[in-house]
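Worksheet for the structure shown next.
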Amino acid sequence: MSLVTILEENKKICSEIGSSEVEVTVISNWSSEIYKEYILNAFLVSGINPKIKFIFTDFTENYLTKFSINQIVLVLNDIGYLVADLHIRQASLSQIEINQVIERGYKLIDAISDASSRCKLLITNNFSSTLYSENIFEDQMPIDEIANKLNDHIRSKELMYVDIKKIVENLGISQAKNYRDIYSKMVPYSPSMIEEIRKSIETKIAKTNGKLIKTIILDCDNTLWSGVIGEDLIDGLRFRPKDRMHSAYSEFHHLLKYLKSKGILLALSTKNNAPDIDEILKDPDFIFDEHDFVSIKANWVEKYINIIEISQELNLGLDSFLFIDDNPNEIASVQTFLPQVATIKVDKNFNKFISQFKKELNAILPISTTTKINATERYLVETKRNQVKNDLSWEDYLATLNVKISYSLSPSIDYERCSEMTRKTNQFNFTTNRRTKAELINFAADAELDLMQIEVSDSFGDYGITGFMEIKSERKIKTVEQFLLSCRVLGRGVERKIIDYLINEFLDDSDESLIIKYRPSAKNVILGEFIRGLCSCDFDPKRQQKIIYHRKENRWTLKPE
Amino acid sequence: MDVETRVKQLFELITNEKLPDDTGNLEVDDLEGWDSVAHMNLILAIEEAFSVTFSESEIELTTHYSQLIEITNKKL
């Protein structure tokens, strides 16, 4: 996006955004403030209203100790200014000087890593030495050696970072470097480069903020293969090793397999006859089989209707879906009827499409994939479970499930996974408080706050860590500040069993009541039914309120806030 | 759109200030919203809008609003 477009977009979002300001500090050893509109934009488009403070310093470490857990911090340092005049003297540094700079860089990265556990979110960057060495010499230049070592060190830390090295490689040095302002104004990056940095920051914020692609819905004809079943027949489809286009389609298939291995779900929505699709999925030349897809819709209904059905089957929100199709009408129809669904149109030039798709991968891939169980397998188990459910009465069904729930308290919890769930879970989520790993570790130090991790299994499978709570103990009252469950364990009595556990086993003898906080969001309306069942009373899911269990009277009441 | 009208638009978008009628002696820092960061953004926006490039020395010369218009016009 151009600067003017960004400025106009920022103005528009600023006039509409309702959320309260979040403190953002940008620490930088170059004049990043010149590009403040780009950085502002990365937050605004993610629904965050930032109050940005820029700190221009050579001594980042001095500021890293001062952050609270409510703050977001960007540490955007450039290798050229890591020590005074490095960008000027980089070609003639002695080995001793190189080692000193590396040592200084290690300490800086360690300090950034420490700080990342003390603030809400910290994003930093790795380094590109080629902006300075320009790949002119065959030998590795001193600054290249420094950048390589420091990038290795950044990778070894659990840091969220903008991959400056990769951005420069992709753009090319001449596009990425700000030849005019690199020396006089200490601005090493061009507007094109900062636009890529903005996109990367935006993606990272969006992922942290719960906006994730969880499912890719694929068309088949001219998307998964070249050709149309209705015209070319199955034998005439071009994806086999003998076909000219095999490599491009095969590369796309392998990319999809890679995404699947990272926990992204794949589904098909194709205007074809189901037996034809079944036949292709059994074809030894096709790398996918039916088990690779959580849902296969081979029919003649409108694709947006299929997508709604898949969303219901998987219990996933439509804004976590990406739809890929070569037909502009199908793309337009989905964009019209389901604007929440992200779309990619397959370019007629498939090689061009592959390149575009690869660029999107960074936005598609989740931050962490700590869930141990294969996501596709899990959803296929869910389908099997639903089949049994349809055949039995509710009581018989629950009895056959043999649901087991285990609870762990901080510090013996998987902070990464719990943080991931706060970011990804939208529906059965009482307060929708997004938490970073650093925040949770910080909370665990509070003696009055228990973090509870919930694991669920049943006779169909082990669902792993699928629930999380934050429970505050104060003056004979236990308050559930946060309660969420992954939708994949709902509908088998798990949620009620957890409440029973809290009342019967988690409350101390001295506790008089249990309070569960509820704050409405655009997506947690499904809680309405559950809370009505729990309290046996009217419940308005649009109002923020407390759900209170009075131990003495053994009854529930609601208190609006 | 002529240079003066477009630069005025960009100026007001970036600085959040209404351009005074008399811009004869108007220079950077005369208005609260026209600081050095806003000035660099104005240069970047003019470069984008007219597909021109300012050299370092030209940027140093364009501290007055009238100079911005003059140099931009010369480049077209």
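Please note that chains go A, B, ... in the order of the structure tokens, that every chain numbers its residues from 1, and that ligands are numbered from 1 in the order shown.
Every protein, DNA or RNA residue with an atom at most 8 Å from segment 145-154 of chain A, where only C-alpha atoms count and chain neighbours fewer than 5 positions away do not, is listed here: Ile79, Ile98, Val101, Ile102, Gly105, Tyr106, Ile109, Asn126, Phe127, Ser128, Ser129, Gln140 and Leu159 of chain A.
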With N, CA and C atoms retained, write the just-selected residues as a compact mmCIF listing (two decimals), in the first residue's frame.
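The resulting result35.txt:
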# COMPACT_ATOMS: atom_id res chain seq x y z
N ILE A 79 20.98 -3.75 11.77
CA ILE A 79 22.36 -4.18 12.05
C ILE A 79 23.38 -3.06 11.76
N ILE A 98 34.85 -7.75 15.22
CA ILE A 98 33.69 -8.56 14.82
C ILE A 98 33.14 -9.31 16.02
N VAL A 101 31.31 -7.06 18.41
CA VAL A 101 29.96 -6.70 17.95
C VAL A 101 29.01 -7.88 18.15
N ILE A 102 29.50 -9.08 17.84
CA ILE A 102 28.64 -10.27 18.02
C ILE A 102 28.27 -10.41 19.50
N GLY A 105 25.69 -7.97 20.34
CA GLY A 105 24.42 -8.40 19.76
C GLY A 105 23.77 -9.51 20.57
N TYR A 106 24.58 -10.49 21.02
CA TYR A 106 24.04 -11.59 21.84
C TYR A 106 23.39 -11.03 23.10
N ILE A 109 20.11 -9.38 22.27
CA ILE A 109 19.05 -10.36 21.97
C ILE A 109 18.58 -11.04 23.25
N ASN A 126 15.02 -9.80 12.75
CA ASN A 126 16.38 -10.30 12.54
C ASN A 126 17.09 -9.30 11.60
N PHE A 127 18.24 -9.69 11.08
CA PHE A 127 19.06 -8.69 10.39
C PHE A 127 19.42 -9.10 8.96
N SER A 128 19.53 -8.08 8.12
CA SER A 128 20.03 -8.32 6.77
C SER A 128 21.31 -7.51 6.58
N SER A 129 22.41 -8.22 6.38
CA SER A 129 23.69 -7.53 6.18
C SER A 129 23.85 -7.10 4.72
N GLN A 140 32.72 -13.69 2.39
CA GLN A 140 31.78 -13.16 3.37
C GLN A 140 32.38 -11.91 4.00
N LEU A 159 11.35 -15.99 20.16
CA LEU A 159 10.97 -14.60 19.90
C LEU A 159 10.07 -14.52 18.68
Given only C-alpha atoms, how would the per-residue table for chain A near chain B read, listing every residue at most 9 Å away with its closest atom pair and distance in Å to one decimal, sorted by chain and number, as CSV?
residue,atom,partner,partner_atom,distance
A:Ser2,CA,B:Glu48,CA,7.4
A:Leu3,CA,B:Ala45,CA,6.2
A:Val4,CA,B:Ala45,CA,6.3
A:Leu7,CA,B:Ile14,CA,7.3
A:Glu8,CA,B:Leu13,CA,7.7
A:Lys11,CA,B:Leu13,CA,8.8
A:Glu33,CA,B:Val37,CA,7.0
A:Ile34,CA,B:Val37,CA,5.3
A:Tyr35,CA,B:Asn41,CA,7.8
A:Lys36,CA,B:Val37,CA,8.8
A:Glu37,CA,B:Asn41,CA,9.0
A:Arg180,CA,B:Glu56,CA,6.4
A:Asp181,CA,B:Glu56,CA,7.7
A:Ser184,CA,B:Glu56,CA,8.3
A:Pro191,CA,B:Leu44,CA,8.2
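Between atom CA of Ile498 of chain A and atom CA of Leu409 of chain A lies a distance of 14.1 Å.
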For Lys207 of chain A, which residue out of A:Val45, A:Arg423, A:Val294, A:Phe286 is the nearest one, using only C-alpha atoms?
A:Arg423
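In terms of minimum interatomic distance to Glu60 of chain B, B:Ile43 ranks closest within B:Leu31, B:Ile43, B:Met1, B:Leu76, counting only C-alpha atoms.
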How far is it from atom CA of His291 of chain A to atom CA of Ala332 of chain A, in Å with one decimal?
29.3 Å
Ranking B:Glu4, B:Glu17, B:Asp22, B:Glu27 by minimum distance to Thr62 of chain B and counting only C-alpha atoms, which one comes first?
B:Glu27
Leaving out Leu449 of chain A and any residue of its chain fewer than 5 positions from it, which residues lie within 7 Å of it when counting only C-alpha atoms, given as a PDB file with N, CA, C and O atoms, in the first residue's frame?
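After the write, selection_25.pdb holds the following:
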ATOM      1  N   PHE A 443       1.012 -14.052  35.311  1.00  0.00           N
ATOM      2  CA  PHE A 443      -0.159 -14.293  36.171  1.00  0.00           C
ATOM      3  C   PHE A 443       0.128 -15.420  37.168  1.00  0.00           C
ATOM      4  O   PHE A 443      -0.341 -15.401  38.295  1.00  0.00           O
ATOM      5  N   ALA A 444       0.890 -16.415  36.688  1.00  0.00           N
ATOM      6  CA  ALA A 444       1.140 -17.591  37.533  1.00  0.00           C
ATOM      7  C   ALA A 444       1.878 -17.212  38.813  1.00  0.00           C
ATOM      8  O   ALA A 444       1.813 -17.927  39.825  1.00  0.00           O
ATOM      9  N   GLU A 470      -8.891 -19.069  34.374  1.00  0.00           N
ATOM     10  CA  GLU A 470      -8.139 -18.237  35.329  1.00  0.00           C
ATOM     11  C   GLU A 470      -9.082 -18.027  36.515  1.00  0.00           C
ATOM     12  O   GLU A 470     -10.183 -17.494  36.337  1.00  0.00           O
ATOM     13  N   ILE A 471      -8.648 -18.471  37.691  1.00  0.00           N
ATOM     14  CA  ILE A 471      -9.551 -18.405  38.849  1.00  0.00           C
ATOM     15  C   ILE A 471      -8.898 -17.603  39.976  1.00  0.00           C
ATOM     16  O   ILE A 471      -7.805 -17.952  40.440  1.00  0.00           O
ATOM     17  N   LYS A 472      -9.562 -16.575  40.393  1.00  0.00           N
ATOM     18  CA  LYS A 472      -9.043 -15.701  41.455  1.00  0.00           C
ATOM     19  C   LYS A 472      -9.695 -16.083  42.780  1.00  0.00           C
ATOM     20  O   LYS A 472     -10.911 -16.278  42.843  1.00  0.00           O
ATOM     21  N   SER A 473      -8.883 -16.189  43.850  1.00  0.00           N
ATOM     22  CA  SER A 473      -9.421 -16.503  45.178  1.00  0.00           C
ATOM     23  C   SER A 473      -9.298 -15.268  46.048  1.00  0.00           C
ATOM     24  O   SER A 473      -8.187 -14.755  46.241  1.00  0.00           O
TER      25      SER A 473
END
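When DSSP is run on the backbone, the residues of segment 79-256 of chain A that fall into strand (DSSP E) are Leu121, Leu122, Ile123, Thr124, Asn125, Met160, Tyr161, Val162, Thr215, Ile216, Ile217 and Leu218 of chain A.
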Surrounding residues of Thr63 of chain B excluding itself and chain neighbours under 2 positions, 9 Å, only C-alpha atoms, as a PyMOL selection string:
chain B and resi 26-28+39+59-61+65-68
If we count only C-alpha atoms and set the cut-off at 12 Å, which residues sit around segment 274-277 of chain A, ignoring sequence neighbours fewer than 2 positions away in its own chain? Please answer as a ChimeraX atom specification.
/A:219-221,224-225,228-230,233-235,237,268-272,279-283,286,288-290,296-300
Can you pull out the residues contacting segment 487-492 of chain A? Cut-off 8 Å, using only C-alpha atoms, and skip same-chain residues under 2 positions away; I want them as an MDAnalysis selection string.
chainID A and resid 314:316 379 382 398 401 403 425 427:428 456 463 466 485 494:495
Any chance you could export the current selection's N, CA and C atoms as a PDB file, in the first residue's frame?
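Result file selection_34.pdb:
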ATOM      1  N   LEU A 314     -17.627 -28.445  11.549  1.00  0.00           N
ATOM      2  CA  LEU A 314     -16.360 -28.342  12.288  1.00  0.00           C
ATOM      3  C   LEU A 314     -16.478 -27.458  13.520  1.00  0.00           C
ATOM      4  N   ASN A 315     -17.634 -26.769  13.625  1.00  0.00           N
ATOM      5  CA  ASN A 315     -17.817 -25.851  14.742  1.00  0.00           C
ATOM      6  C   ASN A 315     -16.761 -24.742  14.723  1.00  0.00           C
ATOM      7  N   LEU A 316     -16.429 -24.277  13.549  1.00  0.00           N
ATOM      8  CA  LEU A 316     -15.421 -23.214  13.428  1.00  0.00           C
ATOM      9  C   LEU A 316     -16.043 -21.988  12.766  1.00  0.00           C
ATOM     10  N   TYR A 379     -10.604 -34.095  13.732  1.00  0.00           N
ATOM     11  CA  TYR A 379     -11.917 -33.740  13.191  1.00  0.00           C
ATOM     12  C   TYR A 379     -12.586 -34.932  12.519  1.00  0.00           C
ATOM     13  N   GLU A 382     -14.172 -36.733  15.211  1.00  0.00           N
ATOM     14  CA  GLU A 382     -15.379 -35.996  15.573  1.00  0.00           C
ATOM     15  C   GLU A 382     -16.553 -36.433  14.687  1.00  0.00           C
ATOM     16  N   LEU A 398     -23.863 -40.567  25.993  1.00  0.00           N
ATOM     17  CA  LEU A 398     -22.881 -40.084  26.977  1.00  0.00           C
ATOM     18  C   LEU A 398     -22.200 -41.252  27.675  1.00  0.00           C
ATOM     19  N   LEU A 401     -19.486 -42.747  25.614  1.00  0.00           N
ATOM     20  CA  LEU A 401     -18.319 -41.888  25.376  1.00  0.00           C
ATOM     21  C   LEU A 401     -17.213 -42.057  26.407  1.00  0.00           C
ATOM     22  N   VAL A 403     -16.268 -40.128  28.953  1.00  0.00           N
ATOM     23  CA  VAL A 403     -15.488 -38.878  28.959  1.00  0.00           C
ATOM     24  C   VAL A 403     -14.614 -38.793  30.213  1.00  0.00           C
ATOM     25  N   THR A 425      -9.783 -19.496  20.580  1.00  0.00           N
ATOM     26  CA  THR A 425     -11.129 -19.914  20.942  1.00  0.00           C
ATOM     27  C   THR A 425     -12.064 -18.711  21.001  1.00  0.00           C
ATOM     28  N   GLN A 427     -15.905 -19.214  20.550  1.00  0.00           N
ATOM     29  CA  GLN A 427     -17.320 -19.485  20.800  1.00  0.00           C
ATOM     30  C   GLN A 427     -17.608 -19.788  22.271  1.00  0.00           C
ATOM     31  N   PHE A 428     -17.066 -20.903  22.789  1.00  0.00           N
ATOM     32  CA  PHE A 428     -17.268 -21.180  24.222  1.00  0.00           C
ATOM     33  C   PHE A 428     -16.160 -20.458  24.982  1.00  0.00           C
ATOM     34  N   VAL A 456      -9.090 -33.343  27.930  1.00  0.00           N
ATOM     35  CA  VAL A 456     -10.285 -34.177  27.758  1.00  0.00           C
ATOM     36  C   VAL A 456      -9.960 -35.364  26.846  1.00  0.00           C
ATOM     37  N   TYR A 463      -8.256 -35.695  23.183  1.00  0.00           N
ATOM     38  CA  TYR A 463      -8.358 -34.375  22.553  1.00  0.00           C
ATOM     39  C   TYR A 463      -7.280 -33.409  23.047  1.00  0.00           C
ATOM     40  N   THR A 466      -7.687 -28.841  26.000  1.00  0.00           N
ATOM     41  CA  THR A 466      -8.787 -28.222  25.248  1.00  0.00           C
ATOM     42  C   THR A 466      -9.565 -27.211  26.089  1.00  0.00           C
ATOM     43  N   LEU A 485     -13.417 -23.263  26.414  1.00  0.00           N
ATOM     44  CA  LEU A 485     -13.296 -24.659  25.992  1.00  0.00           C
ATOM     45  C   LEU A 485     -13.262 -24.699  24.474  1.00  0.00           C
ATOM     46  N   VAL A 494     -19.132 -32.144  28.771  1.00  0.00           N
ATOM     47  CA  VAL A 494     -17.848 -31.750  29.375  1.00  0.00           C
ATOM     48  C   VAL A 494     -17.994 -30.456  30.172  1.00  0.00           C
ATOM     49  N   GLU A 495     -18.687 -29.467  29.574  1.00  0.00           N
ATOM     50  CA  GLU A 495     -18.776 -28.162  30.207  1.00  0.00           C
ATOM     51  C   GLU A 495     -19.477 -28.245  31.559  1.00  0.00           C
TER      52      GLU A 495
END
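Taking only C-alpha atoms into account, Gln175 of chain A lies nearest to A:Leu131 out of the set A:Phe530, A:Leu131, A:Thr203, A:Lys546.
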Between atom CA of Gln453 of chain A and atom CA of Met469 of chain A, what is the distance in Å, rounded to a tenth?
6.7 Å
